[in-house]
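Structure file start.pdb; described as PDB, C-alpha atoms.
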```
MODEL        1
ATOM      1  CA  MET A   1     154.634  97.432 130.613  1.00  0.00           C
ATOM      2  CA  HIS A   2     154.169 100.325 128.248  1.00  0.00           C
ATOM      3  CA  LEU A   3     150.653 101.159 127.074  1.00  0.00           C
ATOM      4  CA  THR A   4     149.536 104.198 125.104  1.00  0.00           C
ATOM      5  CA  ILE A   5     146.039 105.643 125.102  1.00  0.00           C
ATOM      6  CA  THR A   6     145.608 106.720 121.490  1.00  0.00           C
ATOM      7  CA  GLN A   7     141.941 107.624 121.855  1.00  0.00           C
ATOM      8  CA  ASP A   8     140.262 108.420 125.142  1.00  0.00           C
ATOM      9  CA  SER A   9     136.672 108.619 123.939  1.00  0.00           C
ATOM     10  CA  ASP A  10     134.325 105.801 122.953  1.00  0.00           C
ATOM     11  CA  PRO A  11     135.789 103.483 121.994  1.00  0.00           C
ATOM     12  CA  GLN A  12     138.841 103.964 124.153  1.00  0.00           C
ATOM     13  CA  ILE A  13     141.914 102.683 122.296  1.00  0.00           C
ATOM     14  CA  ILE A  14     144.758 101.229 124.356  1.00  0.00           C
ATOM     15  CA  ARG A  15     147.844 100.336 122.331  1.00  0.00           C
ATOM     16  CA  VAL A  16     150.226  97.736 123.756  1.00  0.00           C
ATOM     17  CA  ASP A  17     153.737  98.996 123.026  1.00  0.00           C
ATOM     18  CA  GLU A  18     155.458  95.688 123.757  1.00  0.00           C
ATOM     19  CA  GLY A  19     156.508  92.769 121.584  1.00  0.00           C
ATOM     20  CA  ARG A  20     155.483  90.088 124.064  1.00  0.00           C
ATOM     21  CA  ILE A  21     152.729  89.395 126.558  1.00  0.00           C
ATOM     22  CA  ASP A  22     154.011  86.380 128.456  1.00  0.00           C
ATOM     23  CA  SER A  23     154.464  85.085 131.996  1.00  0.00           C
ATOM     24  CA  ALA A  24     157.215  87.632 132.676  1.00  0.00           C
ATOM     25  CA  VAL A  25     154.842  90.584 132.202  1.00  0.00           C
ATOM     26  CA  ALA A  26     151.322  89.140 132.516  1.00  0.00           C
ATOM     27  CA  ILE A  27     150.500  90.532 135.980  1.00  0.00           C
ATOM     28  CA  GLN A  28     152.038  93.898 135.146  1.00  0.00           C
ATOM     29  CA  PHE A  29     150.069  93.967 131.874  1.00  0.00           C
ATOM     30  CA  LYS A  30     146.754  93.151 133.579  1.00  0.00           C
ATOM     31  CA  ASP A  31     147.288  95.829 136.238  1.00  0.00           C
ATOM     32  CA  ALA A  32     148.369  98.412 133.647  1.00  0.00           C
ATOM     33  CA  VAL A  33     145.290  97.837 131.493  1.00  0.00           C
ATOM     34  CA  ARG A  34     142.973  97.980 134.512  1.00  0.00           C
ATOM     35  CA  SER A  35     144.469 101.262 135.674  1.00  0.00           C
ATOM     36  CA  ARG A  36     144.242 102.878 132.229  1.00  0.00           C
ATOM     37  CA  VAL A  37     140.651 101.974 131.328  1.00  0.00           C
ATOM     38  CA  SER A  38     138.402 104.997 131.423  1.00  0.00           C
ATOM     39  CA  PRO A  39     135.309 104.360 133.571  1.00  0.00           C
ATOM     40  CA  GLY A  40     133.246 106.317 131.037  1.00  0.00           C
ATOM     41  CA  ALA A  41     134.172 104.172 128.024  1.00  0.00           C
ATOM     42  CA  SER A  42     131.498 101.673 127.044  1.00  0.00           C
ATOM     43  CA  ARG A  43     133.944  99.932 124.717  1.00  0.00           C
ATOM     44  CA  VAL A  44     137.698  99.482 125.084  1.00  0.00           C
ATOM     45  CA  VAL A  45     139.784  98.331 122.120  1.00  0.00           C
ATOM     46  CA  LEU A  46     143.130  96.717 122.866  1.00  0.00           C
ATOM     47  CA  ASP A  47     145.455  97.415 119.936  1.00  0.00           C
ATOM     48  CA  LEU A  48     147.803  94.413 119.760  1.00  0.00           C
ATOM     49  CA  GLY A  49     149.539  95.429 116.527  1.00  0.00           C
ATOM     50  CA  GLU A  50     152.987  95.602 118.167  1.00  0.00           C
ATOM     51  CA  VAL A  51     152.642  92.245 119.946  1.00  0.00           C
ATOM     52  CA  ASP A  52     154.508  89.435 118.187  1.00  0.00           C
ATOM     53  CA  PHE A  53     154.160  86.766 120.882  1.00  0.00           C
ATOM     54  CA  ILE A  54     151.568  85.795 123.476  1.00  0.00           C
ATOM     55  CA  ASP A  55     151.461  82.735 125.720  1.00  0.00           C
ATOM     56  CA  SER A  56     148.818  81.272 128.041  1.00  0.00           C
ATOM     57  CA  SER A  57     149.758  83.729 130.791  1.00  0.00           C
ATOM     58  CA  GLY A  58     149.229  86.590 128.357  1.00  0.00           C
ATOM     59  CA  LEU A  59     145.862  85.182 127.308  1.00  0.00           C
ATOM     60  CA  GLY A  60     144.906  84.869 130.956  1.00  0.00           C
ATOM     61  CA  ALA A  61     145.932  88.461 131.617  1.00  0.00           C
ATOM     62  CA  ILE A  62     143.745  89.710 128.759  1.00  0.00           C
ATOM     63  CA  VAL A  63     140.799  87.673 130.078  1.00  0.00           C
ATOM     64  CA  ALA A  64     141.424  89.042 133.597  1.00  0.00           C
ATOM     65  CA  ALA A  65     141.516  92.594 132.228  1.00  0.00           C
ATOM     66  CA  MET A  66     138.193  91.936 130.472  1.00  0.00           C
ATOM     67  CA  LYS A  67     136.644  90.576 133.663  1.00  0.00           C
ATOM     68  CA  ALA A  68     137.788  93.658 135.576  1.00  0.00           C
ATOM     69  CA  LEU A  69     135.644  95.889 133.358  1.00  0.00           C
ATOM     70  CA  SER A  70     132.258  96.984 134.580  1.00  0.00           C
ATOM     71  CA  LYS A  71     129.189  95.135 133.337  1.00  0.00           C
ATOM     72  CA  ASP A  72     128.484  98.042 130.961  1.00  0.00           C
ATOM     73  CA  GLN A  73     131.908  97.849 129.295  1.00  0.00           C
ATOM     74  CA  ARG A  74     133.249  95.584 126.580  1.00  0.00           C
ATOM     75  CA  LEU A  75     136.826  94.726 125.588  1.00  0.00           C
ATOM     76  CA  ASP A  76     137.561  94.216 121.890  1.00  0.00           C
ATOM     77  CA  LEU A  77     140.885  93.332 120.260  1.00  0.00           C
ATOM     78  CA  ALA A  78     142.384  94.814 117.115  1.00  0.00           C
ATOM     79  CA  ALA A  79     145.294  94.470 114.702  1.00  0.00           C
ATOM     80  CA  LEU A  80     146.503  91.018 115.755  1.00  0.00           C
ATOM     81  CA  ASN A  81     149.683  89.853 114.054  1.00  0.00           C
ATOM     82  CA  PRO A  82     149.384  86.434 112.343  1.00  0.00           C
ATOM     83  CA  MET A  83     151.069  84.455 115.140  1.00  0.00           C
ATOM     84  CA  VAL A  84     149.029  86.147 117.872  1.00  0.00           C
ATOM     85  CA  ASP A  85     145.840  85.690 115.847  1.00  0.00           C
ATOM     86  CA  LYS A  86     146.665  81.993 115.473  1.00  0.00           C
ATOM     87  CA  VAL A  87     146.989  81.591 119.255  1.00  0.00           C
ATOM     88  CA  PHE A  88     143.584  83.235 119.792  1.00  0.00           C
ATOM     89  CA  ARG A  89     141.969  80.973 117.207  1.00  0.00           C
ATOM     90  CA  LEU A  90     143.667  77.751 118.378  1.00  0.00           C
ATOM     91  CA  THR A  91     142.558  78.396 121.955  1.00  0.00           C
ATOM     92  CA  ARG A  92     139.067  79.422 120.760  1.00  0.00           C
ATOM     93  CA  MET A  93     139.486  82.800 122.453  1.00  0.00           C
ATOM     94  CA  ASP A  94     138.168  84.284 119.215  1.00  0.00           C
ATOM     95  CA  THR A  95     134.743  83.147 120.441  1.00  0.00           C
ATOM     96  CA  ILE A  96     135.136  85.238 123.613  1.00  0.00           C
ATOM     97  CA  PHE A  97     136.421  88.479 122.075  1.00  0.00           C
ATOM     98  CA  VAL A  98     135.396  90.533 119.079  1.00  0.00           C
ATOM     99  CA  ILE A  99     138.574  90.696 116.979  1.00  0.00           C
ATOM    100  CA  HIS A 100     138.924  93.483 114.428  1.00  0.00           C
ATOM    101  CA  GLU A 101     141.336  93.510 111.496  1.00  0.00           C
ATOM    102  CA  SER A 102     142.550  96.999 112.397  1.00  0.00           C
ATOM    103  CA  VAL A 103     142.017  99.778 114.893  1.00  0.00           C
ATOM    104  CA  ASP A 104     140.154 101.765 112.220  1.00  0.00           C
ATOM    105  CA  ALA A 105     137.783  98.829 111.696  1.00  0.00           C
ATOM    106  CA  ALA A 106     137.210  98.640 115.451  1.00  0.00           C
ATOM    107  CA  LYS A 107     136.414 102.351 115.622  1.00  0.00           C
ATOM    108  CA  SER A 108     133.808 102.116 112.884  1.00  0.00           C
ATOM    109  CA  ASP A 109     132.231  98.894 114.146  1.00  0.00           C
ATOM    110  CA  GLY A 110     130.576  99.798 117.411  1.00  0.00           C
ATOM    111  CA  ASN A 111     127.524  97.588 116.949  1.00  0.00           C
ATOM    112  CA  ARG A 112     129.025  94.126 117.359  1.00  0.00           C
TER     113      ARG A 112
ENDMDL
END
```

Rewritten as structure tokens:
Amino acid sequence: MHLTITQDSDPQIIRVDEGRIDSAVAIQFKDAVRSRVSPGASRVVLDLGEVDFIDSSGLGAIVAAMKALSKDQRLDLAALNPMVDKVFRLTRMDTIFVIHESVDAAKSDGNR
């Protein structure tokens, strides 16, 4: 699972450099995100712009990564492709996460 930290300060931006988050990579994804989150970041933005497909295992891995954060941290999502966005909305996960149109929007919107 390849992740890139594109911004290490608040918010910390973690870009997922994979086309899929599915059952084949869900555990690896969850562990990779957990290990890359900066303990000093109050907000972490997961940039999903490269992700074209996500299944229930991928959704579960994102939820598990969120739950692994400290109580003072928050996980937001950004740049969802239309199919990935549809999965989040159909499963009502859009009520759990703050979803930003772009990474730039997530950077400028720290108050939500």

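Interatomic distance, atom CA of Glu18 of chain A against atom CA of Glu50 of chain A: 6.1 Å.
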
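With atom CA of Gln12 of chain A on one side and atom CA of Val44 of chain A on the other, the separation reads 4.7 Å.
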
I'd like the box whose edges run along x, y and z of the file and which contains every listed atom of segment 66-83 of chain A, padded by 4 Å per side; could you state its centre and edge lengths in Å, one decimal, as AutoDock Vina command-line options?
```
--center_x 139.8 --center_y 91.2 --center_z 124.0 --size_x 30.6 --size_y 21.6 --size_z 31.2
```

(request) Rank A:Met1, A:Ile21, A:Ile14, A:Ala106 by their smallest atom-to-atom distance to Phe53 of chain A, using all atoms listed in the file, and report the top residue only. (result) A:Ile21

Determine, counting only C-alpha atoms, which protein, DNA and RNA residues have an atom within 8 Å of an atom of Arg15 of chain A; residues of the same chain fewer than 6 positions away are not included. Present the result as a PDB file with C-alpha atoms, keeping the file's coordinate frame.
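Written file, result.pdb:
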```pdb
ATOM      1  CA  LEU A   3     150.653 101.159 127.074  1.00  0.00           C
ATOM      2  CA  THR A   4     149.536 104.198 125.104  1.00  0.00           C
ATOM      3  CA  ILE A   5     146.039 105.643 125.102  1.00  0.00           C
ATOM      4  CA  THR A   6     145.608 106.720 121.490  1.00  0.00           C
ATOM      5  CA  LEU A  46     143.130  96.717 122.866  1.00  0.00           C
ATOM      6  CA  ASP A  47     145.455  97.415 119.936  1.00  0.00           C
ATOM      7  CA  LEU A  48     147.803  94.413 119.760  1.00  0.00           C
ATOM      8  CA  GLY A  49     149.539  95.429 116.527  1.00  0.00           C
TER       9      GLY A  49
END
```
